[in-house]
>>> print(open('upload_16.tsv').read())   # TSV, C-alpha atoms and all ligand atoms
chain	number	residue	atom	x	y	z
O	1	MET	CA	79.65	-31.36	99.64
O	2	THR	CA	80.67	-34.21	97.34
O	3	ASN	CA	81.00	-37.58	98.90
O	4	PRO	CA	84.62	-38.76	98.22
O	5	GLN	CA	83.45	-42.37	97.91
O	6	SER	CA	80.94	-41.55	95.17
O	7	ALA	CA	83.51	-39.34	93.42
O	8	ILE	CA	85.89	-42.30	93.20
O	9	ARG	CA	83.12	-44.58	91.99
O	10	ASN	CA	81.97	-42.06	89.38
O	11	SER	CA	85.47	-41.58	88.07
O	12	GLN	CA	85.61	-45.34	87.45
O	13	LEU	CA	82.48	-45.06	85.34
O	14	ILE	CA	84.19	-42.71	82.91
O	15	ARG	CA	86.39	-44.03	80.10
O	16	PRO	CA	90.13	-43.47	80.70
O	17	LEU	CA	90.30	-41.74	77.33
O	18	VAL	CA	87.75	-39.17	78.53
O	19	HIS	CA	89.63	-38.71	81.80
O	20	ARG	CA	92.78	-37.86	79.88
O	21	LEU	CA	91.04	-35.54	77.46
O	22	HIS	CA	91.76	-31.81	77.23
O	23	PRO	CA	88.52	-30.39	75.87
O	24	TYR	CA	88.30	-27.67	73.24
O	25	VAL	CA	88.68	-24.22	74.77
O	26	TYR	CA	86.00	-21.99	73.34
O	27	GLY	CA	85.99	-18.20	73.32
O	28	GLU	CA	84.35	-16.40	76.21
O	29	GLN	CA	80.68	-15.52	75.73
O	30	PRO	CA	80.09	-12.96	78.48
O	31	LYS	CA	76.88	-10.98	78.45
O	32	ILE	CA	78.35	-7.78	79.85
O	33	LYS	CA	76.68	-4.56	78.75
O	34	GLY	CA	78.82	-2.33	76.59
O	35	LEU	CA	81.51	-4.96	75.96
O	36	ILE	CA	82.86	-5.00	72.41
O	37	LYS	CA	83.13	-8.64	71.49
O	38	LEU	CA	85.97	-9.25	69.04
O	39	ASN	CA	86.95	-12.69	70.30
O	40	THR	CA	84.90	-15.36	68.47
O	41	ASN	CA	84.73	-14.17	64.86
O	42	GLU	CA	81.03	-13.48	64.96
O	43	ASN	CA	79.64	-11.14	62.32
O	44	PRO	CA	79.02	-7.59	63.57
O	45	TYR	CA	75.95	-7.26	61.34
O	46	PRO	CA	72.61	-8.93	62.04
O	47	PRO	CA	71.03	-11.48	59.69
O	48	SER	CA	69.03	-9.97	56.84
O	49	PRO	CA	65.54	-8.66	57.77
O	50	LYS	CA	64.11	-11.38	55.51
O	51	VAL	CA	65.86	-14.07	57.57
O	52	LEU	CA	64.59	-12.62	60.83
O	53	ALA	CA	61.06	-12.44	59.40
O	54	ALA	CA	61.22	-16.05	58.16
O	55	VAL	CA	62.36	-17.34	61.56
O	56	LYS	CA	59.74	-15.31	63.43
O	57	ALA	CA	57.00	-16.51	61.08
O	58	ALA	CA	57.99	-20.12	61.79
O	59	VAL	CA	57.62	-19.82	65.56
O	60	ASP	CA	54.16	-21.28	66.09
O	61	GLY	CA	52.47	-24.60	66.78
O	62	ARG	CA	54.73	-26.30	64.22
O	63	LEU	CA	57.49	-26.36	66.80
O	64	ARG	CA	55.93	-29.65	68.01
O	65	LEU	CA	56.92	-31.34	64.72
O	66	TYR	CA	60.27	-32.83	63.79
O	67	PRO	CA	62.17	-30.89	61.13
O	68	SER	CA	63.29	-32.41	57.83
O	69	PRO	CA	65.79	-35.14	58.81
O	70	THR	CA	67.89	-34.48	55.73
O	71	ALA	CA	67.42	-30.68	55.56
O	72	GLN	CA	65.99	-31.42	52.13
O	73	VAL	CA	64.96	-27.93	51.00
O	74	LEU	CA	68.19	-26.42	52.21
O	75	ARG	CA	70.30	-29.09	50.49
O	76	GLU	CA	68.45	-28.52	47.22
O	77	LYS	CA	69.04	-24.77	47.43
O	78	LEU	CA	72.71	-25.30	48.28
O	79	ALA	CA	73.05	-27.73	45.39
O	80	LYS	CA	71.74	-25.06	43.03
O	81	LEU	CA	74.16	-22.51	44.46
O	82	HIS	CA	77.18	-24.78	44.10
O	83	ARG	CA	76.03	-26.37	40.82
O	84	CYS	CA	75.90	-29.90	42.15
O	85	HIS	CA	73.32	-32.40	43.34
O	86	ALA	CA	71.64	-32.54	46.77
O	87	ASP	CA	73.38	-35.94	47.14
O	88	ASN	CA	76.65	-34.05	47.24
O	89	ILE	CA	75.62	-32.20	50.40
O	90	ILE	CA	75.16	-32.96	54.09
O	91	VAL	CA	74.01	-30.31	56.57
O	92	GLY	CA	75.14	-30.35	60.19
O	93	ASN	CA	74.53	-28.68	63.53
O	94	GLY	CA	77.27	-26.21	62.65
O	95	SER	CA	80.25	-27.40	60.65
O	96	ASP	CA	81.78	-28.53	63.95
O	97	GLU	CA	79.33	-31.43	64.02
O	98	LEU	CA	80.39	-32.45	60.52
O	99	LEU	CA	84.09	-32.31	61.38
O	100	ALA	CA	83.33	-34.71	64.26
O	101	LEU	CA	81.22	-36.94	62.01
O	102	ALA	CA	84.03	-37.07	59.44
O	103	THR	CA	86.41	-38.19	62.18
O	104	ARG	CA	84.09	-41.04	63.12
O	105	CYS	CA	83.35	-41.91	59.50
O	106	PHE	CA	86.81	-41.97	57.91
O	107	VAL	CA	89.32	-42.68	60.67
O	108	GLU	CA	89.77	-45.90	62.60
O	109	PRO	CA	90.58	-45.31	66.27
O	110	VAL	CA	93.88	-46.63	67.55
O	111	LEU	CA	93.36	-49.40	70.07
O	112	GLY	CA	94.77	-49.01	73.56
O	113	ARG	CA	96.41	-45.95	75.06
O	114	ASP	CA	98.99	-45.09	72.47
O	115	THR	CA	97.65	-42.58	69.96
O	116	ARG	CA	101.04	-41.70	68.51
O	117	PRO	CA	101.25	-42.56	64.82
O	118	ARG	CA	102.93	-45.90	64.24
O	119	VAL	CA	104.48	-47.41	61.15
O	120	SER	CA	101.79	-48.37	58.73
O	121	ALA	CA	102.62	-52.08	58.68
O	122	ASP	CA	99.29	-52.92	60.30
O	123	ALA	CA	97.21	-50.81	57.91
O	124	PRO	CA	95.06	-52.96	55.67
O	125	ALA	CA	96.51	-53.06	52.17
O	126	GLY	CA	95.34	-50.22	49.99
O	127	ARG	CA	93.72	-48.38	52.89
O	128	PRO	CA	95.06	-45.02	54.03
O	129	TYR	CA	96.81	-45.14	57.36
O	130	GLN	CA	94.68	-44.21	60.37
O	131	ILE	CA	95.94	-40.77	61.20
O	132	ILE	CA	94.21	-37.42	61.48
O	133	GLN	CA	96.55	-34.85	60.04
O	134	TYR	CA	96.53	-31.06	60.12
O	135	PHE	CA	98.83	-28.10	60.00
O	136	THR	CA	99.74	-25.99	63.03
O	137	PRO	CA	98.62	-23.47	63.85
O	138	SER	CA	95.12	-24.12	62.58
O	139	TYR	CA	91.72	-24.82	64.12
O	140	SER	CA	92.41	-26.11	67.63
O	141	LEU	CA	89.37	-28.38	67.51
O	142	TYR	CA	91.05	-30.90	65.14
O	143	PRO	CA	93.37	-32.46	67.75
O	144	VAL	CA	90.50	-32.56	70.25
O	145	LEU	CA	88.34	-34.47	67.76
O	146	ALA	CA	91.18	-36.93	67.22
O	147	ASP	CA	91.61	-37.38	70.98
O	148	ILE	CA	87.89	-37.89	71.58
O	149	HIS	CA	87.91	-40.58	68.91
O	150	GLY	CA	91.15	-42.15	70.12
O	151	ALA	CA	92.74	-41.53	66.74
O	152	ALA	CA	96.41	-40.95	66.00
O	153	LYS	CA	97.38	-37.37	65.16
O	154	ASN	CA	99.97	-35.85	62.91
O	155	ALA	CA	100.46	-32.11	63.33
O	156	VAL	CA	102.87	-30.47	60.90
O	157	ALA	CA	103.96	-26.84	61.19
O	158	LEU	CA	103.04	-24.28	58.56
O	159	LYS	CA	105.88	-22.04	57.41
O	160	PRO	CA	106.68	-19.11	59.75
O	161	ASP	CA	104.53	-16.76	57.64
O	162	PHE	CA	101.71	-19.35	57.88
O	163	SER	CA	101.97	-20.28	54.22
O	164	LEU	CA	101.53	-23.92	53.18
O	165	PRO	CA	104.68	-25.98	52.67
O	166	THR	CA	104.88	-27.17	49.07
O	167	VAL	CA	104.42	-30.85	48.30
O	168	ALA	CA	108.20	-31.12	47.73
O	169	GLU	CA	108.80	-29.57	51.14
O	170	LEU	CA	106.28	-31.92	52.76
O	171	ARG	CA	108.13	-34.88	51.27
O	172	GLY	CA	111.15	-33.93	53.35
O	173	ARG	CA	109.10	-33.63	56.53
O	174	ASP	CA	107.04	-36.05	58.63
O	175	TRP	CA	103.92	-35.32	56.60
O	176	ARG	CA	101.81	-38.41	55.83
O	177	PHE	CA	100.48	-38.68	52.30
O	178	ASP	CA	98.62	-41.79	53.47
O	179	ALA	CA	96.80	-40.12	56.40
O	180	ALA	CA	93.19	-41.27	56.67
O	181	MET	CA	92.07	-37.67	56.95
O	182	THR	CA	93.74	-34.31	56.52
O	183	PHE	CA	92.16	-31.06	57.70
O	184	VAL	CA	93.20	-27.82	56.00
O	185	THR	CA	91.72	-24.56	57.28
O	186	THR	CA	91.52	-22.25	54.29
O	187	PRO	CA	91.73	-19.33	54.81
O	188	ASN	CA	93.71	-20.38	57.82
O	189	ALA	CA	92.68	-19.69	61.39
O	190	PRO	CA	93.99	-18.09	63.51
O	191	SER	CA	96.44	-16.51	61.05
O	192	GLY	CA	93.88	-15.37	58.46
O	193	ARG	CA	96.25	-16.35	55.64
O	194	GLY	CA	94.55	-17.36	52.41
O	195	TYR	CA	95.66	-20.27	50.21
O	196	SER	CA	95.30	-20.46	46.46
O	197	THR	CA	93.11	-23.13	44.90
O	198	LYS	CA	96.11	-24.11	42.81
O	199	GLU	CA	98.28	-25.01	45.80
O	200	LEU	CA	95.37	-26.73	47.54
O	201	ALA	CA	94.75	-28.78	44.39
O	202	LEU	CA	98.40	-29.89	44.34
O	203	LEU	CA	98.09	-31.04	47.95
O	204	CYS	CA	94.76	-32.79	47.38
O	205	ARG	CA	96.17	-34.66	44.40
O	206	VAL	CA	98.92	-36.31	46.43
O	207	GLN	CA	96.83	-37.25	49.49
O	208	ARG	CA	95.46	-40.80	49.53
O	209	GLY	CA	92.95	-40.32	52.34
O	210	VAL	CA	90.11	-37.85	52.77
O	211	VAL	CA	90.97	-34.14	52.64
O	212	VAL	CA	88.63	-31.71	54.38
O	213	LEU	CA	89.09	-28.14	53.19
O	214	ASP	CA	87.58	-26.15	56.03
O	215	GLU	CA	86.32	-22.99	54.33
O	216	THR	CA	84.62	-21.45	57.36
O	217	TYR	CA	86.00	-17.99	56.52
O	218	VAL	CA	86.14	-18.22	52.74
O	219	ASP	CA	83.53	-15.55	52.00
O	220	PHE	CA	86.06	-12.93	53.10
O	221	ALA	CA	88.75	-14.34	50.79
O	222	GLU	CA	89.68	-13.79	47.16
O	223	GLU	CA	89.35	-17.44	46.16
O	224	ASN	CA	87.50	-20.54	47.23
O	225	ALA	CA	88.25	-24.18	46.48
O	226	MET	CA	84.72	-25.49	46.09
O	227	ARG	CA	85.52	-26.88	42.67
O	228	LEU	CA	88.01	-29.31	44.23
O	229	ALA	CA	85.20	-30.96	46.22
O	230	LEU	CA	83.30	-31.51	43.00
O	231	LYS	CA	86.34	-32.70	41.08
O	232	TYR	CA	88.18	-35.07	43.45
O	233	PRO	CA	86.30	-37.99	45.05
O	234	HIS	CA	88.27	-37.76	48.30
O	235	VAL	CA	87.92	-34.01	48.91
O	236	LEU	CA	85.22	-32.43	51.09
O	237	VAL	CA	84.66	-28.70	51.48
O	238	ALA	CA	83.25	-27.50	54.82
O	239	ARG	CA	81.18	-24.34	54.92
O	240	THR	CA	79.08	-22.66	57.59
O	241	PHE	CA	76.32	-20.10	57.94
O	242	SER	CA	77.82	-19.01	61.27
O	243	LYS	CA	80.34	-16.35	60.33
O	244	ALA	CA	79.70	-14.74	56.96
O	245	TYR	CA	75.93	-15.25	57.24
O	246	SER	CA	75.51	-14.03	60.83
O	247	LEU	CA	73.91	-17.25	62.06
O	248	CYS	CA	76.20	-18.60	64.81
O	249	PHE	CA	73.18	-18.86	67.08
O	250	GLN	CA	71.33	-21.20	64.72
O	251	ARG	CA	74.15	-23.73	64.18
O	252	VAL	CA	74.05	-24.62	60.49
O	253	GLY	CA	77.05	-25.83	58.50
O	254	TYR	CA	77.49	-28.16	55.54
O	255	PHE	CA	79.91	-30.32	53.60
O	256	VAL	CA	80.07	-30.62	49.83
O	257	GLY	CA	81.73	-33.63	48.24
O	258	HIS	CA	81.46	-36.91	46.41
O	259	ARG	CA	78.12	-38.65	46.94
O	260	ASP	CA	79.79	-41.79	48.35
O	261	LEU	CA	81.49	-39.87	51.16
O	262	ILE	CA	78.38	-37.80	51.79
O	263	ALA	CA	76.19	-40.93	51.92
O	264	ALA	CA	78.56	-42.47	54.47
O	265	LEU	CA	78.29	-39.37	56.65
O	266	HIS	CA	74.49	-39.42	56.42
O	267	LYS	CA	74.55	-43.01	57.70
O	268	ILE	CA	76.12	-42.03	61.02
O	269	ARG	CA	74.52	-38.67	61.78
O	270	ASP	CA	71.68	-38.20	64.27
O	271	SER	CA	68.25	-38.53	62.66
O	272	TYR	CA	67.29	-34.87	63.14
O	273	ASN	CA	70.68	-33.27	63.46
O	274	VAL	CA	69.74	-29.80	62.19
O	275	ASN	CA	67.10	-27.86	64.10
O	276	GLY	CA	64.08	-26.62	62.15
O	277	LEU	CA	64.51	-22.91	62.75
O	278	GLY	CA	68.12	-23.21	61.65
O	279	GLN	CA	67.03	-24.83	58.38
O	280	ILE	CA	64.47	-22.07	57.82
O	281	ALA	CA	67.02	-19.34	58.58
O	282	ALA	CA	69.58	-20.86	56.23
O	283	VAL	CA	67.08	-21.22	53.38
O	284	ALA	CA	66.00	-17.58	53.83
O	285	THR	CA	69.67	-16.55	53.87
O	286	LEU	CA	70.20	-18.10	50.45
O	287	GLY	CA	67.26	-16.03	49.22
O	288	ASP	CA	68.95	-12.76	50.15
O	289	LEU	CA	72.62	-13.18	49.29
O	290	ARG	CA	73.00	-9.61	48.06
O	291	TYR	CA	72.48	-8.35	51.61
O	292	TYR	CA	75.39	-10.52	52.76
O	293	HIS	CA	77.69	-9.60	49.88
O	294	ALA	CA	77.39	-5.96	50.97
O	295	ASN	CA	78.37	-7.02	54.53
O	296	PHE	CA	81.43	-8.90	53.24
O	297	ARG	CA	82.63	-5.78	51.43
O	298	GLU	CA	82.10	-3.69	54.57
O	299	ILE	CA	83.98	-6.18	56.78
O	300	ILE	CA	86.85	-6.43	54.31
O	301	ALA	CA	87.12	-2.61	54.15
O	302	THR	CA	87.15	-2.42	57.98
O	303	ARG	CA	89.77	-5.20	58.10
O	304	GLU	CA	92.08	-3.25	55.82
O	305	TRP	CA	91.51	-0.01	57.78
O	306	LEU	CA	92.15	-1.70	61.13
O	307	SER	CA	95.27	-3.43	59.79
O	308	ARG	CA	96.70	-0.08	58.66
O	309	GLU	CA	95.87	1.70	61.94
O	310	LEU	CA	97.33	-1.04	64.13
O	311	THR	CA	100.45	-1.17	61.96
O	312	LYS	CA	100.90	2.58	62.55
O	313	LEU	CA	100.75	1.90	66.31
O	314	GLY	CA	103.58	-0.64	66.06
O	315	PHE	CA	101.59	-3.86	65.82
O	316	ARG	CA	102.81	-6.52	63.42
O	317	VAL	CA	99.71	-7.40	61.43
O	318	PHE	CA	99.59	-10.56	59.33
O	319	PRO	CA	97.75	-10.21	56.01
O	320	SER	CA	94.26	-11.65	56.31
O	321	GLN	CA	91.68	-13.10	53.95
O	322	SER	CA	89.15	-13.60	56.72
O	323	ASN	CA	86.99	-11.66	59.19
O	324	PHE	CA	89.78	-11.48	61.76
O	325	ILE	CA	93.41	-10.48	61.95
O	326	LEU	CA	96.33	-12.00	63.80
O	327	VAL	CA	98.61	-9.38	65.33
O	328	GLN	CA	101.77	-9.28	67.37
O	329	PRO	CA	101.34	-6.36	69.75
O	330	PRO	CA	104.20	-4.03	70.74
O	331	ARG	CA	105.74	-3.58	74.21
O	332	LEU	CA	103.53	-5.81	76.36
O	333	ALA	CA	103.06	-9.56	76.01
O	334	ALA	CA	99.96	-10.62	74.05
O	335	HIS	CA	98.11	-11.97	77.10
O	336	GLU	CA	98.78	-8.68	78.93
O	337	TRP	CA	97.29	-6.83	75.99
O	338	GLN	CA	94.24	-9.05	76.16
O	339	HIS	CA	93.86	-8.16	79.84
O	340	GLU	CA	94.38	-4.42	79.26
O	341	LEU	CA	91.94	-4.35	76.36
O	342	ARG	CA	89.35	-6.13	78.48
O	343	LYS	CA	89.69	-3.35	81.05
O	344	CYS	CA	88.77	-0.98	78.19
O	345	LYS	CA	85.76	-3.25	77.49
O	346	VAL	CA	87.21	-4.76	74.32
O	347	LEU	CA	87.38	-8.55	74.20
O	348	VAL	CA	89.93	-10.19	71.87
O	349	ARG	CA	91.27	-13.76	71.67
O	350	TRP	CA	94.56	-15.05	72.97
O	351	PHE	CA	95.50	-18.70	72.52
O	352	ASN	CA	97.75	-20.33	75.06
O	353	PHE	CA	99.49	-22.55	72.48
O	354	PRO	CA	103.28	-22.27	71.96
O	355	GLU	CA	103.05	-21.42	68.26
O	356	VAL	CA	100.62	-18.50	68.70
O	357	LYS	CA	101.23	-17.32	72.28
O	358	LYS	CA	102.74	-14.04	71.20
O	359	TYR	CA	99.80	-13.04	69.05
O	360	LEU	CA	96.25	-11.81	69.50
O	361	ARG	CA	93.42	-12.69	67.18
O	362	ILE	CA	91.05	-9.82	66.64
O	363	THR	CA	87.65	-10.24	65.00
O	364	ILE	CA	86.70	-7.51	62.54
O	365	GLY	CA	83.75	-5.69	64.03
O	366	ASN	CA	81.87	-2.74	62.60
O	367	PRO	CA	83.74	0.54	61.96
O	368	VAL	CA	82.73	2.01	65.35
O	369	GLU	CA	84.03	-1.08	67.16
O	370	ALA	CA	87.26	-0.97	65.16
O	371	LYS	CA	87.75	2.72	66.08
O	372	THR	CA	87.10	1.95	69.77
O	373	LEU	CA	89.74	-0.79	69.62
O	374	VAL	CA	92.33	1.56	68.07
O	375	LYS	CA	91.53	4.20	70.69
O	376	ALA	CA	91.95	1.65	73.48
O	377	ALA	CA	95.26	0.46	72.00
O	378	ARG	CA	96.51	4.06	71.86
O	379	LYS	CA	95.53	4.56	75.49
O	380	ILE	CA	97.32	1.38	76.58
O	381	LEU	CA	100.45	2.42	74.70
O	382	MET	CA	100.45	5.81	76.39
O	383	GLY	CA	100.40	3.94	79.71
O	401	LIG	N1	86.18	-24.41	61.38
O	401	LIG	C1	86.86	-23.33	61.83
O	401	LIG	C2	88.21	-23.09	61.30
O	401	LIG	C3	86.27	-22.47	62.78
O	401	LIG	O1	86.95	-21.42	63.23
O	401	LIG	C4	84.95	-22.75	63.23
O	401	LIG	C5	84.30	-21.85	64.25
O	401	LIG	N2	84.87	-21.89	65.52
O	401	LIG	C6	84.30	-23.87	62.74
O	401	LIG	C7	84.93	-24.68	61.81
O	401	LIG	C8	82.92	-24.27	63.21
O	401	LIG	O2	81.93	-23.38	62.86
O	401	LIG	P1	80.41	-23.72	63.13
O	401	LIG	O3	80.34	-24.99	63.93
O	401	LIG	O4	79.87	-22.54	63.86
O	401	LIG	O5	79.79	-23.91	61.78
>>> encode(input="upload_16.tsv", output="structure tokens")
Amino acid sequence: MTNPQSAIRNSQLIRPLVHRLHPYVYGEQPKIKGLIKLNTNENPYPPSPKVLAAVKAAVDGRLRLYPSPTAQVLREKLAKLHRCHADNIIVGNGSDELLALATRCFVEPVLGRDTRPRVSADAPAGRPYQIIQYFTPSYSLYPVLADIHGAAKNAVALKPDFSLPTVAELRGRDWRFDAAMTFVTTPNAPSGRGYSTKELALLCRVQRGVVVLDETYVDFAEENAMRLALKYPHVLVARTFSKAYSLCFQRVGYFVGHRDLIAALHKIRDSYNVNGLGQIAAVATLGDLRYYHANFREIIATREWLSRELTKLGFRVFPSQSNFILVQPPRLAAHEWQHELRKCKVLVRWFNFPEVKKYLRITIGNPVEAKTLVKAARKILMG
């Protein structure tokens, strides 16, 4: 039993900001046999055999040594891939770590309790105002990062079809062109909607602070905006090996951008922030990209098939450029569907946020998993 006295004392040891914090809600990771896991956008296909062999070959006495602190080999290979310099790249323990580092690096926390954006009168001249800005719905980690840091937030709604408001439309809204940092998930999550490089460029051009284009799902899209990170000094592109490259377990993500911003991020990261086996797996991945390109095509084909089948069953399916689809299910409420599907051993994601409550996000699995999902949906509809 907990001692009430020590509980009170311990609570006084914790910062008020942390007491108030609502942590990020991550997707369930149950290890139940036979469960079809379509809830956290993992890749249904394993890493390439070459990646598995490289990781296995590295598991020996070398585990006692520290890995490269800068992920040097990996950064050089990534630089070659993206036609830039290793100085333009930082690797993180998943891209989540880098999103958190960017928050600490580019945004001043607001002092005291009030983290609502205030008028920018107290912002040092010429410096972007200290707000973290993002569209809603998008990645639900962004507001949590802002809260952890004690930063002010500005959340602005996407259009009802999840498209980006134009710059002219943003001018009429409470969008801040002087936000210290703006996160844009592209393709968007959880809607799956893709954005064109042209419209992203227009947005980047008018922002005064840092813009992070979070391209976690971009390998399943028609376009990517990497060239903006190499063109504009205030734009960073976030990528990850988690989803498209089947490496969630290894936690490797990276940012590409101007060397000044990247150098600033390097200054504040942990010394050995990327584990050695992760670095080895990511390097081996880059040596076998053809294997992954075949997987992307397969996942895209399954996405289109699943979208058609669910539409036939009465689901409203939003067009997707990612490895998941957002759907509005018929008849029952979305959270009831989640429950019913779980009974059929199919796990999907439901977010308890007002703007997405009526939808389910479904990860694109392999064709057998997709067929099982459709079968389960049919069964639920038949009651
Ligand atoms: N951005 C978005 C939009 C995501 O959905 C995720 C995965 N939850 C991430 C970043 C982080 O990916 P990771 O840390 O696995 O690289």
>>> residues_around(input="upload_16.tsv", residues="Gln338 in chain O", least_positions_apart="5", cutoff="10 Å", atoms="only C-alpha atoms", output="MDAnalysis selection string")
chainID O and resid 329 332:333 343:344 346:350 359:361
>>> closest_atom_pairs(input="upload_16.tsv", of="chain O", to="ligand LIG 401 (chain O)", cutoff="6 Å", atoms="only C-alpha atoms and all ligand atoms", output="tab-separated table")
residue	atom	partner	partner_atom	distance
O:Gly94	CA	O:LIG401	O5	3.5
O:Ser95	CA	O:LIG401	O5	3.7
O:Asp96	CA	O:LIG401	O3	3.8
O:Tyr139	CA	O:LIG401	C2	4.8
O:Thr185	CA	O:LIG401	C2	5.5
O:Ala189	CA	O:LIG401	C2	5.6
O:Asp214	CA	O:LIG401	N1	5.8
O:Thr216	CA	O:LIG401	N1	5.2
O:Thr240	CA	O:LIG401	O5	4.4
O:Ser242	CA	O:LIG401	O4	4.8
O:Cys248	CA	O:LIG401	O4	5.5
O:Arg251	CA	O:LIG401	O4	5.9
O:Val252	CA	O:LIG401	O5	5.9
O:Gly253	CA	O:LIG401	O5	4.7
>>> closest_residue(input="upload_16.tsv", among="O:Gly314, O:Glu222, O:Arg205, O:Val144", to="Val167 in chain O", atoms="all atoms listed in the file")
O:Arg205
>>> closest_atom_pairs(input="upload_16.tsv", of="range 141-207 of chain O", to="range 16-25 of chain O", cutoff="8 Å", atoms="all atoms listed in the file", output="Markdown table")
| residue | atom | partner | partner_atom | distance |
| --- | --- | --- | --- | --- |
| O:Leu141 | CA | O:Tyr24 | CA | 5.9 |
| O:Val144 | CA | O:Tyr24 | CA | 6.1 |
| O:Asp147 | CA | O:Leu21 | CA | 6.8 |
| O:Ile148 | CA | O:Val18 | CA | 7.1 |
| O:Gly150 | CA | O:Leu17 | CA | 7.3 |
>>> residues_around(input="upload_16.tsv", residues="Leu65 in chain O", least_positions_apart="5", cutoff="12 Å", atoms="all atoms listed in the file", output="list in words")
Ala58, Val59, Asp60, Tyr272, Asn275, Gly276 and Leu277 of chain O
>>> residues_near_point(input="upload_16.tsv", point="(94.6, -25.9, 47.3)", cutoff="12 Å", atoms="all atoms listed in the file", output="PyMOL selection string")
chain O and resi 163-167+183-188+194-207+211-215+223-229+232+235+237
>>> build_atoms(input="upload_16.tsv", residues="range 150-162 of chain O", atoms="N, CA and C atoms", output="compact mmCIF listing (two decimals), keeping the file's coordinate frame")
# COMPACT_ATOMS: atom_id res chain seq x y z
N GLY O 150 90.04 -41.22 69.88
CA GLY O 150 91.15 -42.15 70.12
C GLY O 150 91.93 -42.41 68.84
N ALA O 151 92.01 -41.39 68.01
CA ALA O 151 92.74 -41.53 66.74
C ALA O 151 94.16 -40.99 66.88
N ALA O 152 95.04 -41.46 66.02
CA ALA O 152 96.41 -40.95 66.00
C ALA O 152 96.42 -39.61 65.29
N LYS O 153 97.32 -38.72 65.74
CA LYS O 153 97.38 -37.37 65.16
C LYS O 153 98.72 -37.14 64.49
N ASN O 154 98.70 -36.33 63.48
CA ASN O 154 99.97 -35.85 62.91
C ASN O 154 99.83 -34.36 62.64
N ALA O 155 100.51 -33.57 63.46
CA ALA O 155 100.46 -32.11 63.33
C ALA O 155 101.77 -31.64 62.69
N VAL O 156 101.67 -30.93 61.60
CA VAL O 156 102.87 -30.47 60.90
C VAL O 156 102.82 -28.95 60.79
N ALA O 157 103.94 -28.31 61.12
CA ALA O 157 103.96 -26.84 61.19
C ALA O 157 103.83 -26.20 59.81
N LEU O 158 103.05 -25.14 59.75
CA LEU O 158 103.04 -24.28 58.56
C LEU O 158 104.36 -23.54 58.53
N LYS O 159 104.65 -22.84 57.44
CA LYS O 159 105.88 -22.04 57.41
C LYS O 159 105.71 -20.85 58.38
N PRO O 160 106.79 -20.19 58.76
CA PRO O 160 106.68 -19.11 59.75
C PRO O 160 105.71 -18.00 59.35
N ASP O 161 105.51 -17.79 58.05
CA ASP O 161 104.53 -16.76 57.64
C ASP O 161 103.14 -17.39 57.44
N PHE O 162 102.97 -18.59 57.92
CA PHE O 162 101.71 -19.35 57.88
C PHE O 162 101.32 -19.81 56.47
